[in-house]
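> Pasting in a structure now, in C-alpha cells, and then I'll have a few things to ask.
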Amino acid sequence: MDNTNQRKALINSEIALFLRGLIIGKVLTLMVIGGLLWWLLKPNLLSRNSVNSPSNQNFNSVSKNASTFQTVAEVPPASFNYGGSTAWASIRQLVDSQIQSDRPELQLRYVNPVNGSPGSSSGIRMLLDGKLDFAQSSRPLTDEEKAIARERGFTLEQRQVGMDGIAVVVNPSLKVSGLTVEQLQQIYLGQITNWNQVGGPNLPITAFSQRPEDADTVIFPSNSDLKGQALGSNVQYVYSATEAVRQLSKTPGGVYYASARSVVFQCSVKALPLGRTSGQAIPAYREPMVSPEQCPRRRNQLNTQAIKNGSYPMIANLFVIIKQNKGREQQIGNAYTNLLLTDQGQRAIEQAGFVGVR
C-alpha cells in the first residue's frame, strides 16, 4: 500500500473513532440529562401517585366524614344561660365563638354569680338553683350536689369533654425544686407552714385559695380521706386566679393552685414541678422553662403530653354538667356537649390550650 492509501486509511479510522466517541458522548449526555430530570420530577410524581393511593383516599374520606358543628342534630334554636369554671375562659372565647358562628340559631350567654366568685362550684350551685341552663366544671360532681339535685326532682350528669392539669405556682424568686401532692395538701391543711420544711428557704408559707364553696379546682379528691377537712389558718382567700397571681407577684412566700391553662402562661409567677413522690416531680410546663425575664416575648407552654399520658399527678377533667329533667335544660346541655365532642370541637379545645378526650 502506498503512502497515499495509508494516509487515507488512517484518516478514515480517525474519523470512525471520532464519530464513535461523539455518539457515545451524546448517549451518555442524554442519560445524565434524563437521570437529572427524573430526580427533579420524582417528588411531583410521587405526590401525584400518592393522591391516588389507597392511604390517601382513606385520609380524604376521613376528612370528608369528620364531624363538625354543622353535623350535630337537635341543637335548640334559642338563647341559653351558662356559667361555671374560670378555667374554661379560653374555651368560651375560642370554641364557643366558633359554635355560635357556625350555628347562629344557638345563642349562649355567660352569667356570673351574684354572690361569690365564679368557678365550678358556684356554676353548679347556680344550675341547681335554676339560674343556668348548663354549667362548665373543671372538677367532678360531689355527692352533696347529686343529693341536692335528687331532692329537687332531677339528676345531674357530668360528661367529660377535655382535660387540664392543676398547676402549683409561686413567686418567681422562691427557690424550691418542687412539691409532692401530699406536701401540697399538707400546706393547705396548715401542717406545713414554712418553705424550709420542703427543702426551701426559711420563709413562712402564704397559701392563696378560692373559698371551698366557690372552688374551681380541688386538690382533695371526693374519694380521699382528706375530703371536707378545714383549710389551715395560713390560707388567704382570693376572688379569682387573676387576683391570686397579682398577690403572688408581691408575696415571696406565696403559693396557689389552679387550672394549669390559666396560670402556666403567666409571666409574674413560676410553676413548680409536682410529683406523686419526691423523686418523680413533673412540670406542668414544657421544658425548658421560660424565665420571667424572657416573658412575654416567650411564654411557657402547657405540658400536654404529661397530662395526656397521665404522668402528671394532678389532672382536672373538664365536664359539662347537664340537668337531667327532660326539659330545655337537658336538651341544650346534651347539644352543647355533642358540639364539643365533634372532631371540630375537640380540635378547637386543643387550640384553646387543653387536651382533648377523643
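We label chains A, B, ... in the order they appear in the C-alpha cells, count residues from 1 in each chain, and number ligands from 1 in the order shown.
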Taking only residues of range 247-333 of chain A that have an atom at most 8 Å from an atom of range 165-188 of chain A, what is each one's shortest atom pair and its distance in Å to one decimal, using only C-alpha atoms, in chain and number order, as CSV?

```
residue,atom,partner,partner_atom,distance
A:Leu248,CA,A:Asn171,CA,5.4
A:Ser249,CA,A:Asn171,CA,5.6
A:Lys250,CA,A:Asn171,CA,7.5
A:Thr251,CA,A:Asn171,CA,6.6
A:Pro252,CA,A:Asn171,CA,5.4
A:Gly253,CA,A:Asn171,CA,6.9
A:Gly254,CA,A:Val170,CA,5.7
A:Val255,CA,A:Val170,CA,4.6
A:Tyr256,CA,A:Val169,CA,5.4
A:Tyr257,CA,A:Val168,CA,4.4
A:Ala258,CA,A:Ile166,CA,5.4
A:Ser259,CA,A:Ile166,CA,4.8
A:Ala260,CA,A:Ala167,CA,4.6
A:Arg261,CA,A:Gly165,CA,7.4
A:Val263,CA,A:Ala167,CA,7.3
A:Val264,CA,A:Ala167,CA,7.2
A:Ser268,CA,A:Pro172,CA,6.9
A:Val269,CA,A:Asn171,CA,5.2
A:Lys270,CA,A:Pro172,CA,4.9
A:Ala271,CA,A:Val169,CA,4.2
A:Leu272,CA,A:Gly178,CA,5.1
A:Pro273,CA,A:Gly178,CA,4.7
A:Leu274,CA,A:Leu179,CA,5.1
A:Gly275,CA,A:Thr180,CA,4.6
A:Arg276,CA,A:Thr180,CA,5.5
A:Thr277,CA,A:Thr180,CA,5.6
A:Ser278,CA,A:Thr180,CA,5.8
A:Ala281,CA,A:Gly178,CA,6.5
A:Ala284,CA,A:Ala167,CA,6.0
A:Pro292,CA,A:Pro172,CA,7.4
A:Ile307,CA,A:Gly165,CA,6.2
A:Tyr312,CA,A:Gly165,CA,7.5
A:Pro313,CA,A:Val181,CA,7.5
A:Met314,CA,A:Ile166,CA,5.5
A:Ile315,CA,A:Gly165,CA,4.4
A:Ala316,CA,A:Gly165,CA,5.3
```
> Set the distance at 9 Å and use only C-alpha atoms: which residues neighbour Gln305 in chain A once local chain neighbours fewer than 4 positions away are removed? I'd like the list as a ChimeraX atom specification.
/A:286,309-312,355
> Using DSSP on the backbone coordinates, identify the residues of range 107-190 of chain A assigned to strand (DSSP E or B); present them as a list in words.
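The strand (DSSP E or B) residues within range 107-190 of chain A come out as Gln107, Leu108, Arg109, Tyr110, Phe134, Ala135, Gln136, Ser137, Thr155, Leu156, Glu157, Gln158, Arg159, Gln160, Val161, Gly162, Met163, Asp164, Gly165, Ile166, Ala167, Val168, Val169, Val170, Leu179 and Thr180 of chain A.
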> Would you kindly return, as a ChimeraX atom specification, each protein, DNA or RNA residue with an atom no farther than 7 Å from any atom of Asn234 in chain A, considering only C-alpha atoms and excluding same-chain residues fewer than 3 positions away?
/A:190,206-207
> Looking only at the backbone, which of the residues in range 289-355 of chain A does DSSP tag as helix (DSSP H, G or I), as a PyMOL selection string?
chain A and resi 292-294+304-309+328-340+343-351
> Leaving out Arg159 in chain A and any residue of its chain fewer than 4 positions from it, which residues lie within 8 Å of it when counting only C-alpha atoms, given as a PyMOL selection string?
chain A and resi 319-322+337
> Pull C-alpha atoms from the residues just selected and write them as a PDB file, in the first residue's frame.

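Produced file selection_35.pdb, reproduced below:
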```
ATOM      1  CA  PHE A 319     -67.080  18.400  82.400  1.00  0.00           C
ATOM      2  CA  VAL A 320     -70.310  19.777  81.026  1.00  0.00           C
ATOM      3  CA  ILE A 321     -72.842  19.491  83.857  1.00  0.00           C
ATOM      4  CA  ILE A 322     -76.286  18.677  82.472  1.00  0.00           C
ATOM      5  CA  THR A 337     -71.685  18.540  74.877  1.00  0.00           C
TER       6      THR A 337
END
```
> Report the distance between CA of Phe154 in chain A and CA of Arg211 in chain A in Å, rounded to one decimal place.
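A separation of 27.0 Å between them.
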